[in-house]
$ cat my_file-v3.txt   # compact mmCIF, C-alpha atoms
# COMPACT_ATOMS: atom_id res chain seq x y z
CA PRO A 450 -3.38 25.48 5.13
CA THR A 451 -1.58 25.86 1.82
CA PHE A 452 -0.67 29.20 0.22
CA LEU A 453 -3.68 28.86 -2.09
CA ASP A 454 -5.95 28.20 0.90
CA CYS A 455 -4.89 31.54 2.35
CA LEU A 456 -6.31 33.23 -0.74
CA LEU A 457 -9.72 31.69 -0.16
CA GLY A 458 -12.52 32.87 2.08
CA PRO A 459 -13.58 30.85 5.17
CA LYS A 460 -16.28 28.89 3.32
CA GLN A 461 -13.95 28.03 0.45
CA GLN A 462 -11.28 26.95 2.94
CA GLN A 463 -13.75 24.63 4.65
CA LYS A 464 -14.75 23.16 1.31
CA ALA A 465 -11.10 22.63 0.30
CA LEU A 466 -10.42 20.93 3.65
CA ARG A 467 -13.45 18.64 3.23
CA GLU A 468 -12.25 17.66 -0.24
CA ARG A 469 -8.73 16.82 1.02
CA VAL A 470 -10.11 14.75 3.91
CA ALA A 471 -12.42 12.90 1.51
CA ALA A 472 -9.58 12.22 -0.95
CA ARG A 473 -7.34 10.83 1.80
CA TYR A 474 -10.16 8.66 3.13
CA TRP A 475 -10.92 7.13 -0.25
CA ALA A 476 -7.21 6.76 -1.02
CA GLY A 477 -6.90 4.52 2.03
CA ARG A 478 -10.00 2.53 1.09
CA TRP A 479 -8.93 2.14 -2.53
CA GLU A 480 -5.42 1.11 -1.52
CA GLU A 481 -6.92 -1.77 0.45
CA GLN A 482 -8.97 -2.85 -2.58
CA LEU A 483 -5.95 -2.73 -4.89
CA LEU A 484 -3.78 -4.76 -2.56
CA ALA A 485 -6.53 -7.32 -2.07
CA ASN A 486 -6.87 -7.60 -5.87
CA PRO A 487 -3.32 -7.27 -7.29
CA ASP A 488 -4.50 -7.98 -10.84
CA TRP A 489 -6.15 -4.54 -10.84
CA PHE A 490 -2.72 -2.92 -11.03
CA ASP A 491 -2.59 -4.10 -14.65
CA LEU A 492 -5.75 -2.20 -15.63
CA GLU A 493 -5.82 0.86 -17.82
CA ARG A 494 -6.64 4.09 -15.96
CA ALA A 495 -10.16 4.30 -17.45
CA ASP A 496 -10.94 0.73 -16.38
CA MET A 497 -9.59 1.36 -12.89
CA LYS A 498 -11.68 4.52 -12.61
CA HIS A 499 -14.77 2.53 -13.58
CA LEU A 500 -14.06 0.03 -10.79
CA PHE A 501 -13.41 2.81 -8.28
CA ASP A 502 -16.61 4.68 -9.17
CA ASN A 503 -18.68 1.53 -8.72
CA PHE A 504 -16.91 0.74 -5.43
CA GLN A 505 -17.51 4.26 -4.09
CA ILE A 506 -21.18 4.24 -5.12
CA ALA A 507 -21.74 0.88 -3.39
CA GLU A 508 -19.99 2.02 -0.22
CA MET A 509 -21.91 5.29 -0.04
CA ARG A 510 -25.22 3.54 -0.57
CA ALA A 511 -24.36 1.12 2.24
CA ASP A 512 -23.60 4.03 4.60
CA LYS A 513 -26.93 4.37 6.40
CA GLU A 514 -25.73 7.35 8.44
CA LYS A 515 -24.60 9.22 5.30
CA LYS A 516 -21.25 10.14 6.85
CA THR A 517 -19.07 8.95 3.99
CA PRO A 518 -17.78 11.87 1.87
CA LYS A 519 -17.41 11.68 -1.89
CA ALA A 520 -14.17 12.24 -3.80
CA HIS A 521 -13.22 12.31 -7.47
CA PHE A 522 -10.98 9.55 -8.77
CA SER A 523 -8.22 11.96 -9.85
CA ALA A 524 -8.10 13.54 -6.37
CA VAL A 525 -7.94 10.07 -4.79
CA MET A 526 -5.04 9.09 -7.06
CA ARG A 527 -3.15 12.25 -6.09
CA ALA A 528 -3.70 11.56 -2.39
CA LEU A 529 -2.63 7.94 -2.82
CA ASN A 530 0.55 8.89 -4.65
CA ARG A 531 1.44 11.43 -1.96
CA SER A 532 0.99 9.37 1.17
CA GLY A 533 -0.04 5.81 0.40
CA ARG A 534 1.94 2.59 0.54
CA VAL A 535 1.01 2.26 -3.11
CA GLN A 536 1.90 4.73 -5.85
CA LEU A 537 0.51 4.57 -9.38
CA PRO A 538 2.64 6.81 -11.59
CA LYS A 539 1.37 7.78 -15.03
CA ALA A 540 4.44 6.14 -16.56
CA GLY A 541 5.97 2.90 -15.30
CA PRO A 542 4.66 0.23 -12.93
CA ALA A 543 2.91 0.81 -9.63
CA THR A 544 5.20 0.70 -6.60
CA PHE A 545 4.80 -0.39 -2.99
CA LYS A 546 6.40 0.83 0.25
CA GLU A 547 6.15 -1.44 3.28
CA ASP A 548 4.78 -0.29 6.63
CA ALA A 549 7.29 1.51 8.83
CA ALA A 550 6.51 -0.82 11.75
CA ASP A 551 7.57 -3.86 9.71
CA ALA A 552 10.52 -2.36 7.83
CA ASP A 553 13.92 -4.03 8.10
CA PRO A 554 16.46 -1.58 9.58
CA LEU A 555 18.91 -2.33 6.76
CA GLU A 556 17.27 -3.96 3.74
CA SER A 557 14.23 -1.68 3.62
CA LEU A 558 16.08 1.61 3.34
CA GLU A 559 17.33 3.43 0.28
CA PRO A 560 21.14 3.59 0.07
CA PRO A 561 22.77 6.89 1.11
CA ASP A 562 23.04 9.62 -1.49
CA PRO A 563 26.36 9.03 -3.31
CA GLU A 564 26.57 12.77 -3.94
CA GLY A 565 26.66 13.38 -0.20
CA GLY A 566 23.56 15.58 -0.10
CA GLU A 567 21.79 16.91 2.94
CA PRO A 568 21.46 14.19 5.61
CA GLY A 569 17.90 13.37 6.52
CA GLU A 570 15.63 10.58 7.66
CA PRO A 571 16.35 7.43 5.62
CA LYS A 572 13.62 6.65 3.12
CA ARG A 573 12.05 3.25 2.67
CA LYS A 574 12.47 1.65 -0.73
CA ARG A 575 9.63 1.70 -3.22
CA ILE A 576 9.51 -1.60 -5.08
CA PRO A 577 7.62 -2.19 -8.33
CA ILE A 578 4.44 -4.20 -7.72
CA PRO A 579 5.28 -6.72 -10.49
CA VAL A 580 8.56 -7.52 -8.70
CA LEU A 581 6.77 -8.07 -5.38
CA ARG A 582 4.12 -10.23 -7.02
CA LYS A 583 6.77 -12.37 -8.65
CA TRP A 584 8.63 -12.93 -5.36
CA ALA A 585 5.36 -13.55 -3.50
CA GLU A 586 4.58 -16.28 -6.03
CA LYS A 587 8.11 -17.70 -5.69
CA TRP A 588 7.76 -17.73 -1.90
CA GLU A 589 4.41 -19.51 -2.10
CA GLU A 590 5.92 -22.22 -4.31
CA TYR A 591 8.95 -22.48 -2.02
CA CYS A 592 6.70 -22.94 1.03
CA LYS A 593 4.81 -25.72 -0.72
CA GLU A 594 8.14 -27.51 -1.07
CA HIS A 595 9.16 -26.61 2.49
CA PRO A 596 5.90 -26.52 4.53
CA GLU A 597 7.89 -26.78 7.76
CA LEU A 598 8.84 -23.11 7.35
CA LEU A 599 5.32 -21.77 7.88
CA GLY A 600 4.56 -20.83 11.47
CA THR A 601 8.21 -20.75 12.52
CA ASP A 602 10.03 -17.72 13.89
CA ARG A 603 11.05 -14.76 11.73
CA ASP A 604 14.74 -15.70 11.54
CA THR A 605 13.93 -19.18 10.27
CA MET A 606 11.51 -17.89 7.65
CA LYS A 607 13.97 -15.22 6.54
CA ALA A 608 16.73 -17.83 6.23
CA GLY A 609 14.47 -19.80 3.91
CA PHE A 610 13.64 -16.69 1.90
CA ASP A 611 17.33 -15.77 1.66
CA GLU A 612 18.04 -19.23 0.28
CA LEU A 613 15.30 -18.69 -2.31
CA HIS A 614 16.79 -15.27 -3.03
CA MET A 615 20.06 -16.88 -4.08
CA GLU A 616 18.40 -18.34 -7.17
CA PRO A 617 19.27 -16.60 -10.45
CA VAL A 618 16.71 -13.97 -11.41
CA SER A 619 15.77 -12.54 -14.77
CA GLU A 620 14.67 -9.01 -15.53
CA GLN A 621 12.20 -8.76 -12.65
CA GLY A 622 14.96 -8.01 -10.10
CA LYS A 623 14.80 -8.77 -6.39
CA ALA A 624 12.70 -7.74 -3.40
CA HIS A 625 13.81 -8.06 0.22
CA PHE A 626 12.13 -10.29 2.81
CA SER A 627 10.23 -7.74 4.93
CA ALA A 628 8.72 -6.01 1.87
CA VAL A 629 7.48 -9.30 0.39
CA MET A 630 6.03 -10.40 3.74
CA CYS A 631 4.25 -7.04 4.19
CA PHE A 632 2.88 -7.23 0.65
CA LEU A 633 1.57 -10.74 1.32
CA ARG A 634 -0.15 -9.68 4.55
CA VAL A 635 -1.87 -6.63 3.10
CA SER A 636 -2.94 -8.83 0.16
CA GLY A 637 -4.68 -11.17 2.61
CA ARG A 638 -2.03 -13.94 2.64
CA HIS A 639 -1.30 -13.96 6.36
CA ASP A 640 -0.51 -17.68 6.17
CA LEU A 641 2.56 -16.87 4.04
CA GLY A 642 3.47 -13.46 5.43
CA THR A 643 3.43 -13.90 9.22
CA TRP A 644 5.72 -15.79 11.56
CA LYS A 645 5.49 -17.19 15.08
CA GLY A 646 5.01 -14.36 17.55
CA TYR A 647 4.19 -11.75 14.88
CA ASP A 648 2.87 -8.70 16.72
CA LYS A 649 -0.07 -6.95 15.06
CA SER A 650 -0.44 -4.31 17.76
CA GLY A 651 0.05 -0.77 16.59
CA LYS A 652 -0.38 -1.73 12.93
CA HIS A 653 -3.32 -0.28 11.07
CA SER A 654 -4.24 0.56 7.54
CA ASN A 655 -4.30 4.03 6.05
CA ALA A 656 -8.03 3.59 5.57
CA ALA A 657 -8.59 3.17 9.32
CA ALA A 658 -6.54 6.28 10.09
CA TYR A 659 -8.40 8.36 7.51
CA GLU A 660 -11.76 7.05 8.70
CA ASN A 661 -10.94 8.52 12.11
CA GLU A 662 -10.06 11.78 10.39
CA VAL A 663 -13.45 11.83 8.67
CA GLU A 664 -15.21 11.14 11.98
CA GLN A 665 -13.32 13.97 13.71
CA PHE A 666 -14.00 16.36 10.88

$ encode --input "my_file-v3.txt" --output "structure tokens"
Amino acid sequence: PTFLDCLLGPKQQQKALRERVAARYWAGRWEEQLLANPDWFDLERADMKHLFDNFQIAEMRADKEKKTPKAHFSAVMRALNRSGRVQLPKAGPATFKEDAADADPLESLEPPDPEGGEPGEPKRKRIPIPVLRKWAEKWEEYCKEHPELLGTDRDTMKAGFDELHMEPVSEQGKAHFSAVMCFLRVSGRHDLGTWKGYDKSGKHSNAAAYENEVEQF
């Protein structure tokens, strides 16, 4: 419990816990919807809230057992920004952090603190969604020109991506191989984002994890 929770009575603490569980659950569900529909990242907040509200209403109506909790859009956005792969800051573009299981041990990590601060667990890079979308589109075009790459092993696909990466880029910047592949997979483009022998075991969405949390609660 948080410090504020300690100031609440038992019933208020239970209510606060229910609200946090609900927000995390819907953050996972909404993250899946956003990644499956990347154009939604360009929406104004009010338009995105309208989509979310309609999505939540439809999902709750479809829940015959009435187990699905409700959460306000603002609480869902806070939960998503705290723990999701996607973050939607109030200023600047949305960003994406690839799954830990798929992260490259070198390319995916933030560089060490040049100021020599406290050592800690390396953090995965957060990449602006527009940059990932641009490189996903570039990779799709590259694979159309080199269809022999699809279905090969990871090293072969990465070598092709690295060759594509050598092209001059404009203001959109660059995104590394494992992040682009993860973004493609969670966006439903497994044909472009998986390689021969890709292991899906142990990989799950935030929504699935939070659904278990709701069930347990």

$ atom_distance --input "my_file-v3.txt" --atom1 "atom CA of Val629 of chain A" --atom2 "atom CA of Lys539 of chain A"
23.8 Å

$ closest_residue --input "my_file-v3.txt" --among "A:Phe490, A:Phe545, A:Phe626, A:Tyr474" --to "Lys607 of chain A" --atoms "all atoms listed in the file"
A:Phe626

$ closest_residue --input "my_file-v3.txt" --among "A:Ala495, A:Ala543, A:Leu598, A:Met615" --to "Val580 of chain A" --atoms "all atoms listed in the file"
A:Ala543

$ closest_residue --input "my_file-v3.txt" --among "A:Met630, A:Ile506, A:Val535, A:Ala524" --to "Ala472 of chain A" --atoms "all atoms listed in the file"
A:Ala524

$ residues_around --input "my_file-v3.txt" --residues "Trp475 of chain A" --least-positions-apart "2" --cutoff "8 Å" --atoms "all atoms listed in the file" --output "list in words"
Ala471, Ala472, Arg473, Gly477, Arg478, Trp479, Ala520, Val525 and Ala656 of chain A

$ write_last_selection --input "my_file-v3.txt" --atoms "C-alpha atoms" --output "PDB file, in the coordinates of the input"
ATOM      1  CA  ALA A 471     -12.420  12.900   1.510  1.00  0.00           C
ATOM      2  CA  ALA A 472      -9.580  12.220  -0.950  1.00  0.00           C
ATOM      3  CA  ARG A 473      -7.340  10.830   1.800  1.00  0.00           C
ATOM      4  CA  GLY A 477      -6.900   4.520   2.030  1.00  0.00           C
ATOM      5  CA  ARG A 478     -10.000   2.530   1.090  1.00  0.00           C
ATOM      6  CA  TRP A 479      -8.930   2.140  -2.530  1.00  0.00           C
ATOM      7  CA  ALA A 520     -14.170  12.240  -3.800  1.00  0.00           C
ATOM      8  CA  VAL A 525      -7.940  10.070  -4.790  1.00  0.00           C
ATOM      9  CA  ALA A 656      -8.030   3.590   5.570  1.00  0.00           C
TER      10      ALA A 656
END

$ atom_distance --input "my_file-v3.txt" --atom1 "atom CA of Ser636 of chain A" --atom2 "atom CA of Ala528 of chain A"
20.6 Å

$ atom_distance --input "my_file-v3.txt" --atom1 "atom CA of Leu558 of chain A" --atom2 "atom CA of Arg573 of chain A"
4.4 Å

$ closest_residue --input "my_file-v3.txt" --among "A:Pro518, A:Pro487, A:Arg603, A:His614" --to "Leu633 of chain A" --atoms "all atoms listed in the file"
A:Pro487

$ residues_around --input "my_file-v3.txt" --residues "Leu581 of chain A" --least-positions-apart "4" --cutoff "10 Å" --atoms "only C-alpha atoms" --output "list in words"
Thr544, Phe545, Ile576, Pro577, Ala585, Glu586, Lys587, Gln621, Gly622, Lys623, Ala624, His625, Ala628, Val629, Met630, Cys631, Phe632 and Leu633 of chain A

$ closest_residue --input "my_file-v3.txt" --among "A:Met526, A:Pro542, A:Phe504, A:Gly533" --to "Leu492 of chain A" --atoms "only C-alpha atoms"
A:Pro542

$ residues_around --input "my_file-v3.txt" --residues "Lys572 of chain A" --least-positions-apart "6" --cutoff "10 Å" --atoms "all atoms listed in the file" --output "list in words"
Lys546, Ala549, Ser557, Leu558, Glu559, Pro560 and Pro561 of chain A

$ closest_residue --input "my_file-v3.txt" --among "A:Cys592, A:Leu641, A:Leu483, A:Met606" --to "Leu500 of chain A" --atoms "all atoms listed in the file"
A:Leu483

$ residues_around --input "my_file-v3.txt" --residues "Arg534 of chain A" --least-positions-apart "3" --cutoff "9 Å" --atoms "all atoms listed in the file" --output "list in words"
Glu480, Leu529, Asn530, Thr544, Phe545, Lys546, Glu547, Asp548, Arg575 and Asn655 of chain A

$ residues_around --input "my_file-v3.txt" --residues "Leu599 of chain A" --least-positions-apart "2" --cutoff "10 Å" --atoms "all atoms listed in the file" --output "list in words"
Cys592, Lys593, His595, Pro596, Glu597, Thr601, Asp602, Arg603, Thr605, Met606, Asp640, Leu641, Gly642, Thr643, Trp644 and Lys645 of chain A
